[in-house]
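Chemist: Pasting a structure here, questions to come.
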Amino acid sequence: MNIEDWYRRYGPMVLRRCRTMLRHEAQAMDAMQDVFVRLMRHEHRLHDEAPAALLLKMATHECLNRIAAEKRAPLDGDDAVLQQIAAATGNEESRLNARMVLDRLFRRERESTRLIAVLHLVDGMTLEEVAAETGLSVSGVRKRLRELKARLERMNMVEHV
């Protein structure tokens with residue numbers, strides 16, 4: 001299968017992942033395109049084994065990198081407000097609170113820990129699948145998730161005091 005076939009077959013899946021993570025249609029489209037551009041650069045190393053898993057992992061990394069870059073160089077105030085309005089769903093206050101908690105939670109985490117959280121908690125992958133994707137042991141994945149949960153609980157306790 002060539003890149004064009006992968007794009008037709010897996011492009012919608014990659015776009016859904018980018019939409020979920022970035023919550024902004026234009027950014028999601030750009031991220032999806034960048035995933036396939038990067039794939040084209042490494043076409044000579046591709047195998048037809050587990051293309052969906054590879055593309056989901058690439059999309060996740062691309063989105064996490066974009067999120068991190070946005071934090072380093074934030075949008076100006078007007079653009080940030082427009083982006084929040086465009087991405088808003090449900091109760092805006094609860095969504096904003098959740099985003100603030102997640103930002104604080106992941107601020108000091110390694111990218112691999114963020115990837116583990118997304119793969120397991122958002123995508124519903126098993127610990128074994130996450131371990132295979134990240135190159136960690138199942139116990140290592142479990143430990144990272146346990147530490148993340150404990151940190152979140154400590155943050156939640158501090159907020160309610």
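Just remember, in the structure tokens the first chain shown is A, the second B, etc., residues are 1-based per chain, and ligands are 1-based in the order shown.
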For Ile116 of chain A, work out the shell of residues within 10 Å, counting only C-alpha atoms and skipping chain neighbours fewer than 3 positions away, then give it as a list in words.

Modeler: Glu111, Ser112, Thr113, Leu119, His120, Leu121, Val122, Asp123, Met125, Leu127, Val130, Ala131, Glu133, Thr134, Leu136, Val141, Arg142, Arg144 and Leu145 of chain A

Chemist: With a distance cut-off of 12 Å and only C-alpha atoms, select the neighbouring residues of Asp30 of chain A, excluding the residue or stretch itself and same-chain residues fewer than 3 positions from it, and output the selection as a PDB file with N, CA, C and O atoms, in the first residue's frame.

Modeler:
```
ATOM      1  N   VAL A  14      -7.094   9.822  11.318  1.00  0.00           N
ATOM      2  CA  VAL A  14      -6.066  10.748  11.791  1.00  0.00           C
ATOM      3  C   VAL A  14      -6.696  12.117  12.074  1.00  0.00           C
ATOM      4  O   VAL A  14      -6.409  12.742  13.093  1.00  0.00           O
ATOM      5  N   LEU A  15      -7.581  12.562  11.199  1.00  0.00           N
ATOM      6  CA  LEU A  15      -8.245  13.852  11.399  1.00  0.00           C
ATOM      7  C   LEU A  15      -9.100  13.834  12.672  1.00  0.00           C
ATOM      8  O   LEU A  15      -9.107  14.808  13.430  1.00  0.00           O
ATOM      9  N   CYS A  18      -6.815  14.299  15.596  1.00  0.00           N
ATOM     10  CA  CYS A  18      -6.343  15.683  15.681  1.00  0.00           C
ATOM     11  C   CYS A  18      -7.450  16.611  16.166  1.00  0.00           C
ATOM     12  O   CYS A  18      -7.196  17.500  16.979  1.00  0.00           O
ATOM     13  N   ARG A  19      -8.671  16.394  15.688  1.00  0.00           N
ATOM     14  CA  ARG A  19      -9.800  17.211  16.153  1.00  0.00           C
ATOM     15  C   ARG A  19     -10.021  17.038  17.650  1.00  0.00           C
ATOM     16  O   ARG A  19     -10.269  18.000  18.368  1.00  0.00           O
ATOM     17  N   LEU A  22      -6.890  18.756  19.482  1.00  0.00           N
ATOM     18  CA  LEU A  22      -6.661  20.184  19.279  1.00  0.00           C
ATOM     19  C   LEU A  22      -7.926  21.023  19.424  1.00  0.00           C
ATOM     20  O   LEU A  22      -7.833  22.219  19.693  1.00  0.00           O
ATOM     21  N   HIS A  24      -9.852  22.320  17.326  1.00  0.00           N
ATOM     22  CA  HIS A  24      -9.879  23.467  16.416  1.00  0.00           C
ATOM     23  C   HIS A  24      -9.722  22.895  15.010  1.00  0.00           C
ATOM     24  O   HIS A  24      -8.701  22.280  14.700  1.00  0.00           O
ATOM     25  N   GLU A  25     -10.734  23.101  14.167  1.00  0.00           N
ATOM     26  CA  GLU A  25     -10.779  22.443  12.864  1.00  0.00           C
ATOM     27  C   GLU A  25      -9.565  22.756  11.981  1.00  0.00           C
ATOM     28  O   GLU A  25      -8.957  21.852  11.421  1.00  0.00           O
ATOM     29  N   ALA A  26      -9.211  24.025  11.859  1.00  0.00           N
ATOM     30  CA  ALA A  26      -8.089  24.388  10.979  1.00  0.00           C
ATOM     31  C   ALA A  26      -6.776  23.802  11.482  1.00  0.00           C
ATOM     32  O   ALA A  26      -5.969  23.287  10.697  1.00  0.00           O
ATOM     33  N   GLN A  27      -6.564  23.851  12.789  1.00  0.00           N
ATOM     34  CA  GLN A  27      -5.339  23.271  13.347  1.00  0.00           C
ATOM     35  C   GLN A  27      -5.323  21.754  13.163  1.00  0.00           C
ATOM     36  O   GLN A  27      -4.272  21.170  12.897  1.00  0.00           O
ATOM     37  N   GLN A  33      -2.337  16.962   7.856  1.00  0.00           N
ATOM     38  CA  GLN A  33      -1.483  17.086   6.670  1.00  0.00           C
ATOM     39  C   GLN A  33      -0.010  16.888   7.036  1.00  0.00           C
ATOM     40  O   GLN A  33       0.731  16.216   6.311  1.00  0.00           O
ATOM     41  N   ASP A  34       0.408  17.456   8.164  1.00  0.00           N
ATOM     42  CA  ASP A  34       1.802  17.308   8.596  1.00  0.00           C
ATOM     43  C   ASP A  34       2.153  15.854   8.911  1.00  0.00           C
ATOM     44  O   ASP A  34       3.275  15.414   8.662  1.00  0.00           O
ATOM     45  N   VAL A  35       1.201  15.114   9.446  1.00  0.00           N
ATOM     46  CA  VAL A  35       1.436  13.688   9.709  1.00  0.00           C
ATOM     47  C   VAL A  35       1.744  12.965   8.406  1.00  0.00           C
ATOM     48  O   VAL A  35       2.717  12.203   8.311  1.00  0.00           O
ATOM     49  N   PHE A  36       0.958  13.229   7.373  1.00  0.00           N
ATOM     50  CA  PHE A  36       1.172  12.530   6.105  1.00  0.00           C
ATOM     51  C   PHE A  36       2.398  13.050   5.358  1.00  0.00           C
ATOM     52  O   PHE A  36       3.059  12.282   4.654  1.00  0.00           O
ATOM     53  N   VAL A  37       2.742  14.310   5.531  1.00  0.00           N
ATOM     54  CA  VAL A  37       3.983  14.827   4.942  1.00  0.00           C
ATOM     55  C   VAL A  37       5.180  14.116   5.575  1.00  0.00           C
ATOM     56  O   VAL A  37       6.104  13.679   4.884  1.00  0.00           O
ATOM     57  N   ALA A  59      -0.030  11.058  14.875  1.00  0.00           N
ATOM     58  CA  ALA A  59      -0.982  12.159  15.063  1.00  0.00           C
ATOM     59  C   ALA A  59      -0.953  12.656  16.498  1.00  0.00           C
ATOM     60  O   ALA A  59      -0.981  13.863  16.750  1.00  0.00           O
ATOM     61  N   GLU A  62       2.188  14.678  16.977  1.00  0.00           N
ATOM     62  CA  GLU A  62       2.058  15.957  16.276  1.00  0.00           C
ATOM     63  C   GLU A  62       1.186  16.920  17.078  1.00  0.00           C
ATOM     64  O   GLU A  62       1.541  18.085  17.267  1.00  0.00           O
ATOM     65  N   CYS A  63       0.074  16.438  17.583  1.00  0.00           N
ATOM     66  CA  CYS A  63      -0.836  17.300  18.351  1.00  0.00           C
ATOM     67  C   CYS A  63      -0.209  17.726  19.672  1.00  0.00           C
ATOM     68  O   CYS A  63      -0.325  18.894  20.066  1.00  0.00           O
ATOM     69  N   ARG A  66       2.205  20.436  18.981  1.00  0.00           N
ATOM     70  CA  ARG A  66       1.522  21.698  18.688  1.00  0.00           C
ATOM     71  C   ARG A  66       1.003  22.345  19.966  1.00  0.00           C
ATOM     72  O   ARG A  66       1.083  23.560  20.129  1.00  0.00           O
TER      73      ARG A  66
END
```

Chemist: Kindly indicate which residue among A:Trp6, A:Phe106, A:Arg16, A:Gly11 lies nearest to His47 of chain A, using only C-alpha atoms for the distances.

Modeler: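 Among the listed residues, the smallest separation from His47 of chain A belongs to A:Trp6.
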
Chemist: Quick one: distance from atom CA of Ala69 of chain A to atom CA of Arg38 of chain A in Å, one decimal?

Modeler: 17.9 Å
